Amino acid sequence: MKKIALLLLLGSYGAFAQSLSKPEKTIIGTVQKQLPETEAFLEKVVNINSGTLNIEGVRAVGKLMADELDKLGFKTEWVTLPDSLNRAGHLVATRQGKKGKKLFLIGHLDTVFEKALPMEPFRRLNDSTASGQGVNDMKGGDVLVIAALKALHTNKLLDDTSITVYFTGDEESSGGPESRRDFIERARQCDIALAFETAQELSSVTTGRRGASGWTLNVKARSGHSSRVFSDLGYGAIYEAARILTEFRRTLGQEKYLTFNPGLIVGGSEVHYDDKTAKAETVGKTNIVAGTALVKGDLRFLTETQKENARAKMREIVDKSLPLTKATISFTDGIPGMEPTAANDELRKQVDKLSQDMGLGPVEAFDPGARGAGDVSFVAQYMPCLDGLGASGKGAHSIEETMNLKEYPLLIQRTALFIYRLTR
């Protein structure tokens, strides 16, 4: 059935001629003609491990991307970061002009696959599917951006446009606020941000996505012989941690777009946690009431208001300690949420119009609750944004990661035409 549906889609695609301008039809043909080069370049970059902490690998992929962007008339530079952050840095490519909107195009060079993991090279599984580390998240999206710009450059349609391409080197494991300072500053000089994280399908784009932050719960209690639990020793640290987590779930667990996951929990007589390795050690015995407990988790939300309200409720729950226990909770900011604003939806409507002009059908807004955090959220408060414009596929962050080779040319063409229309 999927094959039949794709054939029908491609058949309707042939009807675009009446809806597209002559330059747009030329762009379509150029993307198709350059497709073998595009796929060869994709294979080349996928076959370089660029896990976030593989600094040499991230920079190697960035160099290949920079070489391509240099050929298209962009000025490229590498944004270095302090050695203390242990991150590779970022690739930035710019060109200045006076036509149309100033665009900020977002990608990332790193993947979740660190060098210590077995290498999964680029493989064409069949005529419609390719696999490999980061093939859709998000080297496929990066190469898509370059392929779209290349088609425009070939037809001299990038002349006098203002476009900034920003490929970060640590999206999968950010070096912190300092790592995004230059990213935000450059974005604020533009009018629109387009991000090329994995496309869910041709028929949707992302107008909103949740943010992510962290929390740490520390519990202290009186310790002693287990026979005295519930009496003069109180309840111990583990019971208090369990009470708090249960109340989090019971009170906040049904709120739309809000999740809070306790990813690590340890308790006993003593607990030691190493932030650098994310490893914990504990000592305890079954006949000793636990004197300490530690829980670390994340909090995901759609808006800043939702985040702050959740934090306030979590603090309130923590403060209602069981007898002879004392708990504290702290929060760390990570990636903000990208609210699904009316301005973002206006961009979605433009993609919808373009998609229908191309014969690809309508484009709806993807459920923001089904998307994790991404770099675009750092700049969403400053300008209209869209995400989910990259390569389509499945299994991101796993050895089963794949990319849809049939949809890839259509997504490149749509991006090229969208950039063309926005910069007229």
# chains A, B, ... in the order shown; residues from 1 in each chain; ligands from 1

call {"tool": "residues_around", "arguments": {"residues": "range 142-152 of chain A", "least_positions_apart": "2", "cutoff": "7 Å", "atoms": "only C-alpha atoms", "output": "short mmCIF file (atom, residue, chain, number, x, y, z; two decimals) with N, CA, C and O atoms, in the first residue's frame"}}
result
data_model
loop_
_atom_site.label_atom_id
_atom_site.label_comp_id
_atom_site.auth_asym_id
_atom_site.auth_seq_id
_atom_site.Cartn_x
_atom_site.Cartn_y
_atom_site.Cartn_z
N ILE A 27 14.52 25.18 -10.78
CA ILE A 27 15.12 24.72 -9.52
C ILE A 27 14.82 23.24 -9.29
O ILE A 27 15.71 22.46 -8.91
N THR A 30 17.07 21.19 -11.41
CA THR A 30 18.46 21.25 -10.96
C THR A 30 18.70 20.34 -9.77
O THR A 30 19.71 19.63 -9.70
N VAL A 31 17.77 20.35 -8.80
CA VAL A 31 17.90 19.47 -7.64
C VAL A 31 17.97 18.01 -8.10
O VAL A 31 18.81 17.23 -7.61
N THR A 38 24.58 14.80 -4.41
CA THR A 38 24.03 15.00 -3.07
C THR A 38 24.13 13.71 -2.25
O THR A 38 24.58 13.72 -1.09
N LEU A 42 26.31 12.88 1.11
CA LEU A 42 25.67 12.40 2.33
C LEU A 42 26.39 11.15 2.85
O LEU A 42 26.68 11.04 4.04
N LEU A 72 29.58 27.95 -2.75
CA LEU A 72 28.31 28.59 -3.05
C LEU A 72 28.33 30.09 -2.76
O LEU A 72 27.30 30.75 -2.79
N GLY A 107 21.20 23.70 11.68
CA GLY A 107 21.47 22.27 11.66
C GLY A 107 22.46 21.95 12.77
O GLY A 107 22.87 22.82 13.53
N MET A 138 21.49 14.45 12.33
CA MET A 138 20.75 15.14 11.32
C MET A 138 21.62 15.48 10.12
O MET A 138 21.49 16.53 9.51
N LYS A 139 22.52 14.55 9.80
CA LYS A 139 23.36 14.80 8.63
C LYS A 139 22.54 14.88 7.35
O LYS A 139 22.86 15.64 6.44
N GLY A 140 21.45 14.11 7.31
CA GLY A 140 20.55 14.22 6.17
C GLY A 140 19.98 15.61 6.03
O GLY A 140 19.83 16.14 4.93
N THR A 154 23.35 27.47 -8.46
CA THR A 154 23.56 27.06 -9.86
C THR A 154 22.75 27.94 -10.81
O THR A 154 23.20 28.24 -11.92
N ASN A 155 21.58 28.37 -10.35
CA ASN A 155 20.72 29.22 -11.18
C ASN A 155 20.83 30.70 -10.84
O ASN A 155 19.96 31.49 -11.22
N LYS A 156 21.91 31.05 -10.10
CA LYS A 156 22.20 32.43 -9.73
C LYS A 156 21.05 33.08 -8.95
O LYS A 156 20.79 34.28 -9.06
N LEU A 157 20.38 32.29 -8.14
CA LEU A 157 19.23 32.79 -7.38
C LEU A 157 19.57 33.07 -5.92
O LEU A 157 18.69 33.43 -5.14
N LEU A 158 20.83 32.93 -5.55
CA LEU A 158 21.27 33.34 -4.22
C LEU A 158 21.82 34.76 -4.23
O LEU A 158 22.08 35.33 -3.16
N GLY A 390 13.90 18.78 7.77
CA GLY A 390 15.03 17.99 7.27
C GLY A 390 14.62 16.69 6.61
O GLY A 390 13.51 16.55 6.09
N ILE A 412 14.23 18.28 -0.49
CA ILE A 412 15.25 19.23 -0.97
C ILE A 412 14.61 20.27 -1.88
O ILE A 412 14.84 21.48 -1.75
N GLN A 413 13.79 19.80 -2.80
CA GLN A 413 13.13 20.72 -3.74
C GLN A 413 12.23 21.69 -3.00
O GLN A 413 12.22 22.90 -3.30
N THR A 415 12.49 22.73 0.08
CA THR A 415 13.33 23.69 0.80
C THR A 415 13.90 24.74 -0.14
O THR A 415 13.90 25.94 0.17
N ALA A 416 14.39 24.30 -1.28
CA ALA A 416 14.96 25.25 -2.25
C ALA A 416 13.90 26.27 -2.69
O ALA A 416 14.18 27.48 -2.76
#

call {"tool": "residues_around", "arguments": {"residues": "range 291-295 of chain A", "least_positions_apart": "3", "cutoff": "9 Å", "atoms": "only C-alpha atoms", "output": "MDAnalysis selection string"}}
result
chainID A and resid 215:224 236:238 240:241 262:273 288 325

call {"tool": "write_last_selection", "arguments": {"atoms": "C-alpha atoms", "output": "tab-separated table (two decimals), in the first residue's frame"}}
result
chain	number	residue	atom	x	y	z
A	215	TRP	CA	16.09	18.71	38.42
A	216	THR	CA	17.89	17.16	41.38
A	217	LEU	CA	16.19	15.94	44.53
A	218	ASN	CA	18.27	15.47	47.69
A	219	VAL	CA	16.78	13.81	50.76
A	220	LYS	CA	18.30	13.58	54.22
A	221	ALA	CA	16.92	11.61	57.15
A	222	ARG	CA	17.85	10.12	60.50
A	223	SER	CA	19.66	6.81	60.21
A	224	GLY	CA	19.78	3.87	62.59
A	236	GLY	CA	14.06	7.42	56.25
A	237	ALA	CA	15.27	9.02	53.03
A	238	ILE	CA	14.05	6.39	50.58
A	240	GLU	CA	10.52	10.28	51.52
A	241	ALA	CA	11.92	10.15	47.98
A	262	PRO	CA	13.37	10.45	37.26
A	263	GLY	CA	16.24	8.98	35.29
A	264	LEU	CA	18.46	8.07	38.25
A	265	ILE	CA	17.68	7.20	41.87
A	266	VAL	CA	20.02	5.97	44.62
A	267	GLY	CA	19.64	5.75	48.36
A	268	GLY	CA	21.30	4.25	51.42
A	269	SER	CA	23.54	5.16	54.30
A	270	GLU	CA	25.84	7.13	51.96
A	271	VAL	CA	25.50	8.31	48.35
A	272	HIS	CA	28.14	9.72	46.03
A	273	TYR	CA	27.39	11.05	42.53
A	288	ILE	CA	19.81	0.27	58.46
A	325	THR	CA	13.19	13.85	56.89

call {"tool": "residues_around", "arguments": {"residues": "Arg95 in chain A", "least_positions_apart": "2", "cutoff": "10 Å", "atoms": "only C-alpha atoms", "output": "ChimeraX atom specification"}}
result
/A:72-76,93,97,102,158-165

call {"tool": "write_last_selection", "arguments": {"atoms": "N, CA and C atoms", "output": "CSV table (one decimal), in the first residue's frame"}}
result
chain,number,residue,atom,x,y,z
A,72,LEU,N,29.6,27.9,-2.8
A,72,LEU,CA,28.3,28.6,-3.1
A,72,LEU,C,28.3,30.1,-2.8
A,73,GLY,N,29.5,30.6,-2.5
A,73,GLY,CA,29.6,32.0,-2.3
A,73,GLY,C,29.4,32.5,-0.8
A,74,PHE,N,29.4,31.6,0.1
A,74,PHE,CA,29.2,31.9,1.5
A,74,PHE,C,30.6,32.2,2.1
A,75,LYS,N,30.6,33.1,3.1
A,75,LYS,CA,31.8,33.3,3.9
A,75,LYS,C,31.7,32.3,5.1
A,76,THR,N,32.6,31.4,5.3
A,76,THR,CA,32.5,30.5,6.4
A,76,THR,C,33.5,30.7,7.5
A,93,ALA,N,28.1,30.0,8.2
A,93,ALA,CA,28.3,30.5,6.8
A,93,ALA,C,27.3,31.6,6.6
A,97,GLY,N,22.9,40.4,1.6
A,97,GLY,CA,22.2,41.0,0.4
A,97,GLY,C,21.0,41.8,0.9
A,102,LYS,N,15.7,38.0,5.7
A,102,LYS,CA,17.0,37.5,6.2
A,102,LYS,C,16.8,36.1,6.9
A,158,LEU,N,20.8,32.9,-5.5
A,158,LEU,CA,21.3,33.3,-4.2
A,158,LEU,C,21.8,34.8,-4.2
A,159,ASP,N,22.0,35.3,-5.4
A,159,ASP,CA,22.6,36.7,-5.5
A,159,ASP,C,21.7,37.7,-4.7
A,160,ASP,N,22.4,38.5,-3.9
A,160,ASP,CA,21.8,39.6,-3.2
A,160,ASP,C,20.8,39.1,-2.1
A,161,THR,N,21.0,37.9,-1.6
A,161,THR,CA,20.2,37.4,-0.5
A,161,THR,C,21.0,37.4,0.8
A,162,SER,N,20.3,37.4,1.9
A,162,SER,CA,20.9,37.4,3.2
A,162,SER,C,20.6,36.1,3.9
A,163,ILE,N,21.5,35.2,4.0
A,163,ILE,CA,21.3,33.9,4.6
A,163,ILE,C,22.4,33.6,5.5
A,164,THR,N,22.1,33.1,6.7
A,164,THR,CA,23.1,32.6,7.7
A,164,THR,C,22.8,31.1,7.9
A,165,VAL,N,23.8,30.3,7.6
A,165,VAL,CA,23.7,28.9,7.9
A,165,VAL,C,24.5,28.6,9.2

call {"tool": "residues_around", "arguments": {"residues": "Gln306 in chain A", "least_positions_apart": "3", "cutoff": "12 Å", "atoms": "only C-alpha atoms", "output": "PyMOL selection string"}}
result
chain A and resi 210-212+252+255-259+299-303+309-313+336-337+339

call {"tool": "select_by_dssp", "arguments": {"residues": "range 18-250 of chain A", "states": "helix (DSSP H, G or I)", "output": "PyMOL selection string"}}
result
chain A and resi 18+22-33+35-46+55-71+83-85+139-154+177-187+226-228+236-250

call {"tool": "select_by_dssp", "arguments": {"residues": "range 57-279 of chain A", "states": "strand (DSSP E or B)", "output": "VMD selection string"}}
result
chain A and resid 75 to 79 90 to 95 99 to 108 111 123 to 124 129 to 131 161 to 168 192 to 195 199 204 to 206 209 211 to 221 225 259 to 268 270 to 274 279

call {"tool": "write_last_selection", "arguments": {"atoms": "C-alpha atoms", "output": "mmCIF file, in the first residue's frame"}}
result
data_model
loop_
_atom_site.group_PDB
_atom_site.id
_atom_site.type_symbol
_atom_site.label_atom_id
_atom_site.label_comp_id
_atom_site.auth_asym_id
_atom_site.auth_seq_id
_atom_site.Cartn_x
_atom_site.Cartn_y
_atom_site.Cartn_z
ATOM 1 C CA LYS A 75 31.787 33.274 3.939
ATOM 2 C CA THR A 76 32.502 30.453 6.372
ATOM 3 C CA GLU A 77 34.068 30.528 9.825
ATOM 4 C CA TRP A 78 34.505 28.201 12.780
ATOM 5 C CA VAL A 79 33.237 29.447 16.146
ATOM 6 C CA HIS A 90 30.199 25.517 15.434
ATOM 7 C CA LEU A 91 30.224 26.145 11.678
ATOM 8 C CA VAL A 92 28.760 29.439 10.467
ATOM 9 C CA ALA A 93 28.295 30.450 6.826
ATOM 10 C CA THR A 94 26.945 33.861 5.814
ATOM 11 C CA ARG A 95 26.119 35.938 2.784
ATOM 12 C CA LYS A 99 16.465 40.822 -1.259
ATOM 13 C CA GLY A 100 13.590 39.463 0.782
ATOM 14 C CA LYS A 101 13.788 38.070 4.287
ATOM 15 C CA LYS A 102 17.014 37.473 6.198
ATOM 16 C CA LEU A 103 17.095 33.728 6.858
ATOM 17 C CA PHE A 104 18.734 31.771 9.676
ATOM 18 C CA LEU A 105 19.108 28.090 8.711
ATOM 19 C CA ILE A 106 19.811 25.689 11.600
ATOM 20 C CA GLY A 107 21.470 22.272 11.662
ATOM 21 C CA HIS A 108 23.933 20.329 13.808
ATOM 22 C CA THR A 111 25.287 12.823 16.551
ATOM 23 C CA ARG A 123 24.125 1.690 3.557
ATOM 24 C CA ARG A 124 21.423 1.711 0.903
ATOM 25 C CA THR A 129 15.759 3.406 2.454
ATOM 26 C CA ALA A 130 19.276 4.196 3.657
ATOM 27 C CA SER A 131 20.747 3.628 7.108
ATOM 28 C CA THR A 161 20.184 37.401 -0.509
ATOM 29 C CA SER A 162 20.910 37.420 3.221
ATOM 30 C CA ILE A 163 21.298 33.899 4.600
ATOM 31 C CA THR A 164 23.093 32.593 7.676
ATOM 32 C CA VAL A 165 23.700 28.857 7.926
ATOM 33 C CA TYR A 166 24.499 27.805 11.499
ATOM 34 C CA PHE A 167 25.498 24.189 12.130
ATOM 35 C CA THR A 168 26.160 23.650 15.843
ATOM 36 C CA ILE A 192 13.078 33.999 10.123
ATOM 37 C CA ALA A 193 14.624 30.808 11.512
ATOM 38 C CA LEU A 194 14.249 27.482 9.712
ATOM 39 C CA ALA A 195 15.538 24.319 11.380
ATOM 40 C CA ALA A 199 10.916 15.644 9.084
ATOM 41 C CA SER A 204 3.757 18.055 8.499
ATOM 42 C CA VAL A 205 6.192 20.617 9.860
ATOM 43 C CA THR A 206 6.986 21.645 13.420
ATOM 44 C CA ARG A 209 8.363 21.783 20.362
ATOM 45 C CA GLY A 211 11.833 22.435 26.032
ATOM 46 C CA ALA A 212 13.951 20.446 28.468
ATOM 47 C CA SER A 213 15.452 21.226 31.863
ATOM 48 C CA GLY A 214 16.861 19.205 34.754
ATOM 49 C CA TRP A 215 16.091 18.712 38.418
ATOM 50 C CA THR A 216 17.888 17.159 41.378
ATOM 51 C CA LEU A 217 16.189 15.936 44.531
ATOM 52 C CA ASN A 218 18.274 15.472 47.686
ATOM 53 C CA VAL A 219 16.785 13.811 50.755
ATOM 54 C CA LYS A 220 18.302 13.579 54.216
ATOM 55 C CA ALA A 221 16.915 11.613 57.154
ATOM 56 C CA HIS A 225 18.486 0.360 63.222
ATOM 57 C CA THR A 259 6.587 15.255 31.545
ATOM 58 C CA PHE A 260 9.107 14.732 34.345
ATOM 59 C CA ASN A 261 11.276 11.656 34.292
ATOM 60 C CA PRO A 262 13.368 10.451 37.261
ATOM 61 C CA GLY A 263 16.239 8.979 35.287
ATOM 62 C CA LEU A 264 18.463 8.074 38.247
ATOM 63 C CA ILE A 265 17.675 7.204 41.868
ATOM 64 C CA VAL A 266 20.020 5.970 44.617
ATOM 65 C CA GLY A 267 19.637 5.745 48.361
ATOM 66 C CA GLY A 268 21.298 4.251 51.416
ATOM 67 C CA GLU A 270 25.835 7.131 51.961
ATOM 68 C CA VAL A 271 25.497 8.305 48.353
ATOM 69 C CA HIS A 272 28.143 9.717 46.030
ATOM 70 C CA TYR A 273 27.386 11.049 42.528
ATOM 71 C CA ASP A 274 29.868 12.100 39.822
ATOM 72 C CA LYS A 279 27.658 7.529 37.840
#

call {"tool": "closest_residue", "arguments": {"among": "A:Val229, A:Thr26, A:Phe41, A:Asn86", "to": "Ala290 in chain A", "atoms": "only C-alpha atoms"}}
result
A:Val229

call {"tool": "residues_around", "arguments": {"residues": "Pro82 in chain A", "least_positions_apart": "2", "cutoff": "12 Å", "atoms": "only C-alpha atoms", "output": "MDAnalysis selection string"}}
result
chainID A and resid 79:80 84:89 175:176 178:179

call {"tool": "write_last_selection", "arguments": {"atoms": "N, CA, C and O atoms", "output": "compact mmCIF listing (two decimals), in the first residue's frame"}}
result
# COMPACT_ATOMS: atom_id res chain seq x y z
N VAL A 79 33.38 28.81 14.84
CA VAL A 79 33.24 29.45 16.15
C VAL A 79 33.81 28.50 17.20
O VAL A 79 33.27 27.42 17.44
N THR A 80 34.92 28.90 17.80
CA THR A 80 35.56 28.06 18.81
C THR A 80 34.92 28.29 20.18
O THR A 80 34.35 29.36 20.44
N SER A 84 37.38 24.32 28.33
CA SER A 84 36.70 23.77 29.50
C SER A 84 35.36 23.14 29.16
O SER A 84 34.86 22.28 29.90
N LEU A 85 34.76 23.54 28.04
CA LEU A 85 33.46 22.98 27.65
C LEU A 85 33.60 21.62 26.97
O LEU A 85 32.61 20.89 26.84
N ASN A 86 34.81 21.29 26.50
CA ASN A 86 35.05 20.01 25.83
C ASN A 86 34.08 19.80 24.67
O ASN A 86 33.48 18.73 24.50
N ARG A 87 33.91 20.83 23.84
CA ARG A 87 33.04 20.76 22.67
C ARG A 87 33.79 21.30 21.45
O ARG A 87 34.69 22.13 21.58
N ALA A 88 33.41 20.83 20.27
CA ALA A 88 34.18 21.12 19.05
C ALA A 88 34.02 22.55 18.56
O ALA A 88 34.93 23.11 17.95
N GLY A 89 32.84 23.16 18.79
CA GLY A 89 32.56 24.46 18.22
C GLY A 89 31.48 24.36 17.15
O GLY A 89 30.84 23.31 16.98
N GLY A 175 27.13 22.17 25.41
CA GLY A 175 28.15 22.65 26.33
C GLY A 175 27.64 23.69 27.29
O GLY A 175 28.41 24.23 28.10
N GLY A 176 26.34 24.00 27.23
CA GLY A 176 25.75 24.95 28.16
C GLY A 176 25.46 26.30 27.53
O GLY A 176 25.68 26.51 26.33
N GLU A 178 26.90 29.15 27.44
CA GLU A 178 27.99 29.83 26.73
C GLU A 178 28.12 29.34 25.30
O GLU A 178 28.50 30.09 24.40
N SER A 179 27.77 28.08 25.08
CA SER A 179 27.89 27.50 23.75
C SER A 179 26.85 28.05 22.78
O SER A 179 27.02 27.93 21.57

call {"tool": "closest_residue", "arguments": {"among": "A:Arg315, A:Asn287, A:Asp137, A:Leu386", "to": "Ala342 in chain A", "atoms": "only C-alpha atoms"}}
result
A:Leu386

call {"tool": "atom_distance", "arguments": {"atom1": "CA of Asn344 in chain A", "atom2": "CA of Ser392 in chain A"}}
result
20.6 Å

call {"tool": "atom_distance", "arguments": {"atom1": "CA of Leu422 in chain A", "atom2": "CA of Val379 in chain A"}}
result
18.7 Å

call {"tool": "atom_distance", "arguments": {"atom1": "CA of Thr402 in chain A", "atom2": "CA of Phe122 in chain A"}}
result
9.5 Å

call {"tool": "closest_residue", "arguments": {"among": "A:Ser203, A:Asn47, A:Thr277, A:Thr198", "to": "Val61 in chain A", "atoms": "only C-alpha atoms"}}
result
A:Asn47

call {"tool": "residues_around", "arguments": {"residues": "Asn126 in chain A", "least_positions_apart": "6", "cutoff": "12 Å", "atoms": "only C-alpha atoms", "output": "PyMOL selection string"}}
result
chain A and resi 402-406
